[in-house]
Amino acid sequence: MNSLRARAHLLFGRRSHQSLAPHQHLSPAVANDLVISTVDENSGIAMLTMNRPPANSLSMEMNEAICDSIKTIEANAKIQSVILSSTNPKIFSAGLDVTELVSPDKDRLPRFWNSLQQVYIDLYGSRLATVAAIQGHAPAAGCFLAMACDYRVMSAGDINSDTKKKHVPTIGLNETQLGIAAPPWMGQLLVRTVGFRQAELALALGTLFPPEQALAVGLVDDIVPHQKAESGEDQLIDLLPSQIKDQALNPLLQRAYSQARIYAKIPPQARVASKMVTREEHIFRMIAKRDEDTQHFCGFVTQKAVQKNLSAYVEALKNKSAKK
Amino acid sequence: MNSLRARAHLLFGRRSHQSLAPHQHLSPAVANDLVISTVDENSGIAMLTMNRPPANSLSMEMNEAICDSIKTIEANAKIQSVILSSTNPKIFSAGLDVTELVSPDKDRLPRFWNSLQQVYIDLYGSRLATVAAIQGHAPAAGCFLAMACDYRVMSAGDINSDTKKKHVPTIGLNETQLGIAAPPWMGQLLVRTVGFRQAELALALGTLFPPEQALAVGLVDDIVPHQKAESGEDQLIDLLPSQIKDQALNPLLQRAYSQARIYAKIPPQARVASKMVTREEHIFRMIAKRDEDTQHFCGFVTQKAVQKNLSAYVEALKNKSAKK
Amino acid sequence: MNSLRARAHLLFGRRSHQSLAPHQHLSPAVANDLVISTVDENSGIAMLTMNRPPANSLSMEMNEAICDSIKTIEANAKIQSVILSSTNPKIFSAGLDVTELVSPDKDRLPRFWNSLQQVYIDLYGSRLATVAAIQGHAPAAGCFLAMACDYRVMSAGDINSDTKKKHVPTIGLNETQLGIAAPPWMGQLLVRTVGFRQAELALALGTLFPPEQALAVGLVDDIVPHQKAESGEDQLIDLLPSQIKDQALNPLLQRAYSQARIYAKIPPQARVASKMVTREEHIFRMIAKRDEDTQHFCGFVTQKAVQKNLSAYVEALKNKSAKK
């Protein structure tokens, strides 16, 4: 076996195993509950719930919490699938935390970027089958998180029973709308997901797709109409963290759970080997080009013109927030 | 001309030519008729009929017979297209002969794998236009044989006139269902055929597609309803080996024949050069990584866990066969 | 920044800027108006109109005129989008000028091929957003010109009000029909545009797609029914060269113009960076393999069999032309 394959074994989960009691709720891997991990050894399914209010934006600590949670779940040999979800029903993840980018600390900026690269390596290259349950918006790096999974289910939208206001989530790499560009590896993940032609168009225009259109181009694999299920898979409730314990009949989570079960029944060794067929080369390319990618990103984001755009964007966010 | 292009000329059929009389039926290239080759120089079309009962499974000898037949047909400069079919109306090819994999002989195993790699090189890289006539099931390496052709027509299914039982063929790389994984080059051929996203899903789940779904994802190019044609292209009968001489009006074979004619009318030099545009790099990659691929496969298949899965599978096949 | 990225900055338009007066009509970059360039700095949109009767076929001088026009427009920092169109309503471009290929001068042939490679580098790698307005036929290298743009709108066809004769344009790499093959980089551009499977089929058969089919496979992004708009974007008329000044309400040009406006509103730095994500590696591959590609092409086209096919084709064109 050559060294590349040896490294693949490291990537795709030939890690040491440790057993956990059934239904044991793992403590979040880092302090302050940025990510809540739960596991059910009976079904072989885990849930990784993002919980960084208000928008699950990806700070360095959030990236690290995601990676730590994946590694902790992977260490449990009884777990084969994981559902990636959010405690916020309106936002899956808003993408990068822009405060990491505006007037950045020179030492922290490359470390922040490294933590995002690590999410790509650990999530896209996980030995676990990964299912994204996209209930709310997933712009920019939020879309990236979803694309790095094995399967994506998206809510078709929701109507607030009190206000009658409709919420329809969107997903896409909309970076150009903010005056920046998705990094090459993130853009190329979109190419693989929706094909070269649709990706090129969407990257240039910064398209955010509503559910039906996301399904049509292949950016998500299934969309789930919002109407409370009357019954569903009973075991889902065991996985739900306390913050969303009332969501046991949420049709999106039910659909994500049933897909996670389908994956959990495939012989794991074979499933992981099939994942290597399509993902191995991309993970290795990231590892090989990591420093170059970091230098390029840091050079791009510290340009005056880019800083100006980002400052204006943060200002607009603050004003919007103050008005509420 | 650099050496890569020189090698491409070797691959894509700049071989020495030898003339054969019209309608001459070639003897199969190896003993016991594993593959039956027939040619019609008037139309420029040949037929390569797999004939290894019960399931055209790919033993080393079967792989060698396929390669020998392709080379013999290619040596005839008057032939431009070949139809790949089966004498068994219910099975195109069941894939690898699992008896090659269970408790394998250490000397034979790498030779067996080399013979499969050679099928990829010779069939995917043939100078001939290749049309797969998929009447019966094509799982695993049976699906690979079809994907290595230039065009795939598939039967929509058939009803037995006596028993009224319906037969609907399926196609796909279902290896994960057996606890193994398709080799990377076979998985990547699926990526090229149906696109990255659908391939990744199908590889993980081991999906077998019925005809309509196979057409929808692009795994086959056309499906043919089963209703005996009243008339058809008369020359087809000249190509049919004695075992299936009664199939002259079989609508699937008629459709495959008409597609073979379309290809045979394209100026061959131009058609072969266009094939190099998309396939050359993949053939060269196989040649360059051949030994590595063999070592990886032999290492994978001789693992205890994999041997256990395969033994259980063979046992199940035997029991199923004994019940009949 | 490494040298590849430095070269990308050269390619994707970090060239020196020079200002032009609004609505100033640039002189065509070469003599005899092979290509007519016009710019409107207010909207940030330019138009590059091919004008080499009868068929905009690509001679060395035509290729050079296209490249010079692109560079001149790129030098104007106020311009973000360009529309590529034709003065001939029935022909976008007929592809390579075959008189360059028949009994070619040995010194000129490689220079001719280099000029076509340069069109690929300059058009596919332009910092400008490029919209092809395909009113007439676009076979072979005419299809290539369209594919090298960022967006393609195609006329659904037209009925001559006098003769009642219908004109329906077609598009595709139909080289095999003429006994030649598209060069690898042109074939691979088709792969990226319509996907591997459809490209492989179309390359082998030399398929010319009518508008509806071109849209279905993704070879064009939009088709425009022919019915004169009653009103449209007023500024379009400023861009139209005198030869087609009467086309201000042409629905195809109106549609191309509105798409060019959409692109012009994206922050340019971000839009160009997103274009690098998908195109950079292909431009660099062309630069790296340029000499090899030229040698291969010159070797191919000077073969006796190919010269015979091309001579017959030119003769047929002459006879067809004489009959009119």
# chains A, B, ... in the order shown; residues from 1 in each chain; ligands from 1
>>> interface_residues(of="chain C", to="chain A", cutoff="8 Å", atoms="only C-alpha atoms", output="list of chain:residue names")
C:Met1, C:Asp150, C:Arg192, C:Thr193, C:Val194, C:Gly195, C:Gly218, C:Tyr263, C:Ile266, C:Pro267, C:Pro268, C:Gln269, C:Ala270, C:Arg271, C:Val272, C:Ala273, C:Ser274, C:Lys275, C:Val277, C:Thr278
>>> residues_around(residues="B:Val220", least_positions_apart="5", cutoff="7 Å", atoms="only C-alpha atoms", output="PyMOL selection string")
chain B and resi 152-154+214-215
>>> write_last_selection(atoms="N, CA and C atoms", output="short mmCIF file (atom, residue, chain, number, x, y, z; two decimals), in the first residue's frame")
data_model
loop_
_atom_site.label_atom_id
_atom_site.label_comp_id
_atom_site.auth_asym_id
_atom_site.auth_seq_id
_atom_site.Cartn_x
_atom_site.Cartn_y
_atom_site.Cartn_z
N ARG B 152 -25.45 2.76 -25.20
CA ARG B 152 -26.14 1.72 -24.46
C ARG B 152 -27.64 1.75 -24.76
N VAL B 153 -28.17 0.63 -25.29
CA VAL B 153 -29.62 0.49 -25.41
C VAL B 153 -30.03 -0.63 -24.45
N MET B 154 -31.16 -0.44 -23.78
CA MET B 154 -31.59 -1.37 -22.73
C MET B 154 -33.03 -1.76 -22.98
N ALA B 214 -32.58 4.31 -15.26
CA ALA B 214 -31.27 4.29 -15.90
C ALA B 214 -31.22 5.32 -17.02
N LEU B 215 -32.31 5.45 -17.75
CA LEU B 215 -32.40 6.44 -18.83
C LEU B 215 -32.39 7.85 -18.23
#
>>> residues_around(residues="C:Ile70", least_positions_apart="5", cutoff="9 Å", atoms="only C-alpha atoms", output="list in words")
Ser37, Leu48, Ala65, Ala75, Val82, Asp122, Leu123, Ser126 and Leu128 of chain C
>>> write_last_selection(atoms="all heavy atoms", output="mmCIF file, in the first residue's frame")
data_model
loop_
_atom_site.group_PDB
_atom_site.id
_atom_site.type_symbol
_atom_site.label_atom_id
_atom_site.label_comp_id
_atom_site.auth_asym_id
_atom_site.auth_seq_id
_atom_site.Cartn_x
_atom_site.Cartn_y
_atom_site.Cartn_z
ATOM 1 N N SER C 37 -15.905 46.995 -33.175
ATOM 2 C CA SER C 37 -16.040 47.135 -31.716
ATOM 3 C C SER C 37 -16.723 48.448 -31.374
ATOM 4 O O SER C 37 -16.358 49.486 -31.907
ATOM 5 C CB SER C 37 -14.661 47.139 -31.049
ATOM 6 O OG SER C 37 -13.976 45.960 -31.333
ATOM 7 N N LEU C 48 -18.983 43.428 -29.790
ATOM 8 C CA LEU C 48 -17.955 43.008 -30.715
ATOM 9 C C LEU C 48 -18.692 42.263 -31.835
ATOM 10 O O LEU C 48 -19.191 41.149 -31.626
ATOM 11 C CB LEU C 48 -16.991 42.097 -29.942
ATOM 12 C CG LEU C 48 -15.611 41.783 -30.494
ATOM 13 C CD1 LEU C 48 -14.693 41.335 -29.350
ATOM 14 C CD2 LEU C 48 -15.712 40.696 -31.532
ATOM 15 N N ALA C 65 -7.985 39.751 -35.459
ATOM 16 C CA ALA C 65 -8.881 40.894 -35.266
ATOM 17 C C ALA C 65 -9.750 40.697 -34.021
ATOM 18 O O ALA C 65 -10.005 41.638 -33.260
ATOM 19 C CB ALA C 65 -9.760 41.072 -36.506
ATOM 20 N N ALA C 75 -8.862 47.075 -22.199
ATOM 21 C CA ALA C 75 -8.021 48.185 -21.742
ATOM 22 C C ALA C 75 -8.855 49.347 -21.203
ATOM 23 O O ALA C 75 -8.336 50.223 -20.522
ATOM 24 C CB ALA C 75 -7.132 48.666 -22.887
ATOM 25 N N VAL C 82 -19.220 42.310 -22.619
ATOM 26 C CA VAL C 82 -19.189 42.473 -24.072
ATOM 27 C C VAL C 82 -20.135 41.455 -24.716
ATOM 28 O O VAL C 82 -20.236 40.310 -24.263
ATOM 29 C CB VAL C 82 -17.747 42.330 -24.623
ATOM 30 C CG1 VAL C 82 -17.180 40.937 -24.362
ATOM 31 C CG2 VAL C 82 -17.701 42.622 -26.115
ATOM 32 N N ASP C 122 -7.669 34.407 -25.084
ATOM 33 C CA ASP C 122 -8.135 35.777 -24.858
ATOM 34 C C ASP C 122 -9.644 35.858 -24.614
ATOM 35 O O ASP C 122 -10.097 36.694 -23.826
ATOM 36 C CB ASP C 122 -7.762 36.671 -26.051
ATOM 37 C CG ASP C 122 -6.272 36.970 -26.098
ATOM 38 O OD1 ASP C 122 -5.584 36.694 -25.092
ATOM 39 O OD2 ASP C 122 -5.794 37.469 -27.137
ATOM 40 N N LEU C 123 -10.417 35.001 -25.292
ATOM 41 C CA LEU C 123 -11.868 35.087 -25.139
ATOM 42 C C LEU C 123 -12.326 34.289 -23.913
ATOM 43 O O LEU C 123 -13.051 34.796 -23.058
ATOM 44 C CB LEU C 123 -12.558 34.567 -26.409
ATOM 45 C CG LEU C 123 -14.091 34.617 -26.443
ATOM 46 C CD1 LEU C 123 -14.612 36.033 -26.215
ATOM 47 C CD2 LEU C 123 -14.619 34.088 -27.784
ATOM 48 N N SER C 126 -10.993 36.023 -20.774
ATOM 49 C CA SER C 126 -11.159 37.477 -20.675
ATOM 50 C C SER C 126 -11.649 37.909 -19.292
ATOM 51 O O SER C 126 -12.441 37.207 -18.664
ATOM 52 C CB SER C 126 -12.160 37.956 -21.729
ATOM 53 O OG SER C 126 -12.410 39.344 -21.568
ATOM 54 N N LEU C 128 -13.580 40.307 -19.077
ATOM 55 C CA LEU C 128 -14.934 40.774 -19.370
ATOM 56 C C LEU C 128 -15.945 39.642 -19.239
ATOM 57 O O LEU C 128 -15.634 38.488 -19.524
ATOM 58 C CB LEU C 128 -14.998 41.320 -20.800
ATOM 59 C CG LEU C 128 -14.056 42.488 -21.120
ATOM 60 C CD1 LEU C 128 -13.937 42.672 -22.629
ATOM 61 C CD2 LEU C 128 -14.560 43.772 -20.441
#
>>> residues_around(residues="C:Arg255", least_positions_apart="2", cutoff="9 Å", atoms="only C-alpha atoms", output="JSON, numbers by chain")
{"C": [133, 153, 222, 224, 250, 251, 252, 253, 257, 258, 259, 260]}
